[in-house]
Every structure is written in structure tokens, then in C-alpha cells.
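Visitor: Pasting in a structure now, in C-alpha cells, and then I'll have a few things to ask.
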Amino acid sequence: MTDEINQTIPDSYFDIDKATKENGFTMPSDILTCSLLRTLAASKPAGKFLELGTGTGLSTSWILDGMDHDSTITSFDNDETLLQIARAFLGKDKRLNLIQSDGEEWVMSNLEQKFDYVFADTWHGKYLLLDEVLEMINKGGFYIVDDMLPQPNWPEGHQEKAINFVKYLESRSDLIVTKQHWATGIIIAVKK
């Protein structure tokens, strides 16, 4: 699949991918999604970024690769074992703040923060506390989610949850939404 990416892949991606497979983590970010995340990150110079759900840092490595030197990213996950992989390969990047936290706890403790780019890759900020996270986005900021096309690991009833999520995003007058039936199913919204 990497031959579909015409640009260079971040150096850390291969090490993180290997460690992810060795760990047995079964929900890594799709490489096509990662490439799009990097491209969108490049559009936000001196941006303030948020990633909800670090996992092992695969998508984080691509976002960092697209960010300029004046940008910062906060990324959190509740699984310390996964974060250790991200820390091992990305932890020296001074633009990155990796946090071990429960999603609800982090969001509710940081409601006053504002971001130019939010990648919601976990339940919090997507299916839980959606309104709170959308309020954290600056005007002109991106809200990005993936895994919107049916996935083999979806539990019973998740497809209806995803359909309702999309309908809700489309109903909001403060968002311009594009749905892409590409990679794992991407939604990109911009705050008006």
C-alpha cells in the first residue's frame, strides 16, 4: 500500500509500525489517512493541534511531519503501553506533548483550550463529548475523523451510531462537512 503514497514516509513511521505489530495493536491508522493528515497539517502554520487517541503514534508521526516548527500538538491516550511506543520514537520532538489520560477527563479539564486542527481518533471527541470538542476548534479550524466506512472490528450496532454521528455533523450550521469514501472513510469539517 505504501506505493500509493508518492511522497516520502516519515522516518519514524517504520519503527512505530514494527513496534505496533509486535505489540499486537489491531487498530493502527491507515497509511492513506496518515498521508492526508500530514497534508492538512501543512495548511496550519504556527497551528495548535490536538489528537484524541494517540495509539502507538503512527498518525502522530505524519501530523508532525506536516507541521511547521512553530506548531504544537497535544496527543493523549488512556493506554500507557501504547503511549510508550509513541514516546520511544517521537518523544524527543519538542512540538509534541504526549499525555496519558482518560478521554473524558482530559476534554473536561481542557474546555477552555482552542485548536486549529483536531483529529478525533477515539470515542471521546467523536461519539462522546462531541459538542465539547467541536467548541474547542477555532474558526477556520479542521475537525477530522476516520474509520467511517464499515470496519470488521465494529461491534454490533456501531454502524447506526456512525450514521447518526454523520447526520449530526451535517445538521450543524457552524460546520462545512466533506465525507470521503476513501481509505477507511474520512470526514473533514471546517469550523465557520
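Here's how to read the names in the C-alpha cells: chain A, B, ... by the order shown, residue numbers from 1 in each chain, ligand numbers from 1 in the order shown.
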Just the strand (DSSP E) stuff from segment 19-161 of chain A, please, per backbone DSSP, written as an MDAnalysis selection string.

Guide: chainID A and resid 48:52 72:77 96:100 115:120 137:145

Visitor: Quick check, in Å to one decimal: how far apart do atom CA of Ile188 of chain A and atom CA of Asn110 of chain A lie?

Guide: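 If I compute the distance from atom CA of Ile188 of chain A to atom CA of Asn110 of chain A, I get 22.6 Å.
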
Visitor: Within 8 Å of Gly57 of chain A, counting only C-alpha atoms, which residues qualify if same-chain residues fewer than 2 places away don't, as number ranges by chain?

Guide: A: 16, 54-55, 59-61, 83, 85-86, 90

Visitor: Write out the residues from the selection above, keeping N, CA and C atoms, as a CSV table (one decimal), in the first residue's frame.

Guide:
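Full text of result-v4.csv as output:
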chain,number,residue,atom,x,y,z
A,16,ILE,N,7.7,2.7,14.3
A,16,ILE,CA,6.5,2.7,15.1
A,16,ILE,C,5.6,1.5,14.5
A,54,THR,N,-3.9,8.8,20.7
A,54,THR,CA,-2.6,8.6,20.1
A,54,THR,C,-2.3,7.2,19.6
A,55,GLY,N,-2.9,6.2,20.3
A,55,GLY,CA,-2.5,4.8,19.9
A,55,GLY,C,-1.0,4.7,20.1
A,59,SER,N,-0.2,7.9,13.3
A,59,SER,CA,-0.8,9.1,12.7
A,59,SER,C,0.0,10.3,13.2
A,60,THR,N,0.4,10.3,14.5
A,60,THR,CA,1.1,11.4,15.1
A,60,THR,C,2.4,11.7,14.3
A,61,SER,N,3.0,10.7,13.9
A,61,SER,CA,4.3,10.8,13.1
A,61,SER,C,4.1,11.6,11.8
A,83,LEU,N,1.3,4.4,24.5
A,83,LEU,CA,2.0,5.6,24.5
A,83,LEU,C,3.5,5.5,24.7
A,85,ILE,N,5.3,3.4,23.1
A,85,ILE,CA,5.8,3.2,21.7
A,85,ILE,C,5.9,4.6,21.1
A,86,ALA,N,4.9,5.4,21.2
A,86,ALA,CA,4.9,6.8,20.7
A,86,ALA,C,6.1,7.6,21.3
A,90,LEU,N,8.9,9.3,19.1
A,90,LEU,CA,8.5,10.7,18.9
A,90,LEU,C,8.8,11.6,20.0

Visitor: Near Glu112 of chain A, within 12 Å and counting only C-alpha atoms, which residues show up once chain neighbours fewer than 6 positions away are dropped, as an MDAnalysis selection string?

Guide: chainID A and resid 106 132:138

Visitor: With all heavy atoms retained, could you export that selection as a PDB file, in the first residue's frame?

Guide:
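This went into selection-v8.pdb:
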ATOM      1  N   TRP A 106      -9.608  14.312  30.181  1.00  0.00           N
ATOM      2  CA  TRP A 106      -8.790  15.313  29.508  1.00  0.00           C
ATOM      3  C   TRP A 106      -9.665  16.409  28.884  1.00  0.00           C
ATOM      4  O   TRP A 106      -9.401  17.592  29.073  1.00  0.00           O
ATOM      5  CB  TRP A 106      -7.900  14.684  28.424  1.00  0.00           C
ATOM      6  CG  TRP A 106      -6.905  15.686  27.937  1.00  0.00           C
ATOM      7  CD1 TRP A 106      -5.658  15.907  28.429  1.00  0.00           C
ATOM      8  CD2 TRP A 106      -7.120  16.664  26.914  1.00  0.00           C
ATOM      9  NE1 TRP A 106      -5.079  16.965  27.773  1.00  0.00           N
ATOM     10  CE2 TRP A 106      -5.949  17.449  26.833  1.00  0.00           C
ATOM     11  CE3 TRP A 106      -8.173  16.967  26.068  1.00  0.00           C
ATOM     12  CZ2 TRP A 106      -5.806  18.496  25.928  1.00  0.00           C
ATOM     13  CZ3 TRP A 106      -8.045  18.018  25.170  1.00  0.00           C
ATOM     14  CH2 TRP A 106      -6.869  18.773  25.102  1.00  0.00           C
ATOM     15  N   GLU A 132     -18.527  19.323  23.017  1.00  0.00           N
ATOM     16  CA  GLU A 132     -17.458  19.966  23.778  1.00  0.00           C
ATOM     17  C   GLU A 132     -16.194  20.102  22.926  1.00  0.00           C
ATOM     18  O   GLU A 132     -15.545  21.153  22.926  1.00  0.00           O
ATOM     19  CB  GLU A 132     -17.150  19.166  25.059  1.00  0.00           C
ATOM     20  CG  GLU A 132     -18.237  19.255  26.111  1.00  0.00           C
ATOM     21  CD  GLU A 132     -19.410  18.293  25.897  1.00  0.00           C
ATOM     22  OE1 GLU A 132     -19.471  17.603  24.845  1.00  0.00           O
ATOM     23  OE2 GLU A 132     -20.280  18.235  26.782  1.00  0.00           O
ATOM     24  N   VAL A 133     -15.853  19.051  22.198  1.00  0.00           N
ATOM     25  CA  VAL A 133     -14.648  19.097  21.365  1.00  0.00           C
ATOM     26  C   VAL A 133     -14.833  20.056  20.194  1.00  0.00           C
ATOM     27  O   VAL A 133     -13.927  20.830  19.861  1.00  0.00           O
ATOM     28  CB  VAL A 133     -14.253  17.680  20.892  1.00  0.00           C
ATOM     29  CG1 VAL A 133     -13.172  17.732  19.813  1.00  0.00           C
ATOM     30  CG2 VAL A 133     -13.767  16.853  22.085  1.00  0.00           C
ATOM     31  N   LEU A 134     -16.010  20.064  19.580  1.00  0.00           N
ATOM     32  CA  LEU A 134     -16.246  20.991  18.468  1.00  0.00           C
ATOM     33  C   LEU A 134     -16.142  22.444  18.918  1.00  0.00           C
ATOM     34  O   LEU A 134     -15.705  23.306  18.150  1.00  0.00           O
ATOM     35  CB  LEU A 134     -17.600  20.720  17.823  1.00  0.00           C
ATOM     36  CG  LEU A 134     -17.717  19.387  17.059  1.00  0.00           C
ATOM     37  CD1 LEU A 134     -19.139  19.175  16.571  1.00  0.00           C
ATOM     38  CD2 LEU A 134     -16.718  19.313  15.911  1.00  0.00           C
ATOM     39  N   GLU A 135     -16.505  22.719  20.172  1.00  0.00           N
ATOM     40  CA  GLU A 135     -16.375  24.078  20.698  1.00  0.00           C
ATOM     41  C   GLU A 135     -14.912  24.473  20.903  1.00  0.00           C
ATOM     42  O   GLU A 135     -14.598  25.653  21.041  1.00  0.00           O
ATOM     43  CB  GLU A 135     -17.142  24.220  22.016  1.00  0.00           C
ATOM     44  CG  GLU A 135     -18.638  24.255  21.842  1.00  0.00           C
ATOM     45  CD  GLU A 135     -19.105  25.366  20.902  1.00  0.00           C
ATOM     46  OE1 GLU A 135     -18.643  26.515  21.064  1.00  0.00           O
ATOM     47  OE2 GLU A 135     -19.910  25.077  20.000  1.00  0.00           O
ATOM     48  N   MET A 136     -14.016  23.504  20.935  1.00  0.00           N
ATOM     49  CA  MET A 136     -12.595  23.770  21.136  1.00  0.00           C
ATOM     50  C   MET A 136     -11.887  24.153  19.838  1.00  0.00           C
ATOM     51  O   MET A 136     -10.698  24.470  19.846  1.00  0.00           O
ATOM     52  CB  MET A 136     -11.919  22.533  21.759  1.00  0.00           C
ATOM     53  CG  MET A 136     -12.469  22.153  23.120  1.00  0.00           C
ATOM     54  SD  MET A 136     -11.871  20.550  23.695  1.00  0.00           S
ATOM     55  CE  MET A 136     -10.372  21.059  24.510  1.00  0.00           C
ATOM     56  N   ILE A 137     -12.603  24.123  18.717  1.00  0.00           N
ATOM     57  CA  ILE A 137     -11.994  24.380  17.418  1.00  0.00           C
ATOM     58  C   ILE A 137     -12.149  25.852  17.041  1.00  0.00           C
ATOM     59  O   ILE A 137     -13.243  26.404  17.092  1.00  0.00           O
ATOM     60  CB  ILE A 137     -12.622  23.476  16.338  1.00  0.00           C
ATOM     61  CG1 ILE A 137     -12.429  22.002  16.715  1.00  0.00           C
ATOM     62  CG2 ILE A 137     -12.009  23.771  14.966  1.00  0.00           C
ATOM     63  CD1 ILE A 137     -13.147  21.030  15.809  1.00  0.00           C
ATOM     64  N   ASN A 138     -11.039  26.458  16.654  1.00  0.00           N
ATOM     65  CA  ASN A 138     -11.041  27.844  16.189  1.00  0.00           C
ATOM     66  C   ASN A 138     -11.773  27.980  14.858  1.00  0.00           C
ATOM     67  O   ASN A 138     -11.857  27.015  14.086  1.00  0.00           O
ATOM     68  CB  ASN A 138      -9.597  28.342  15.989  1.00  0.00           C
ATOM     69  CG  ASN A 138      -8.894  28.617  17.293  1.00  0.00           C
ATOM     70  OD1 ASN A 138      -9.493  29.106  18.237  1.00  0.00           O
ATOM     71  ND2 ASN A 138      -7.605  28.301  17.345  1.00  0.00           N
TER      72      ASN A 138
END

Visitor: I'd like the contact shell of Ser173 of chain A - 12 Å cut-off, only C-alpha atoms, skipping same-chain residues fewer than 2 positions apart - returned as a list in words.

Guide: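 That gives Tyr168, Leu169, Glu170, Ser171, Leu175, Ile176, Val177, Ala189, Val190, Lys191 and Lys192 of chain A.
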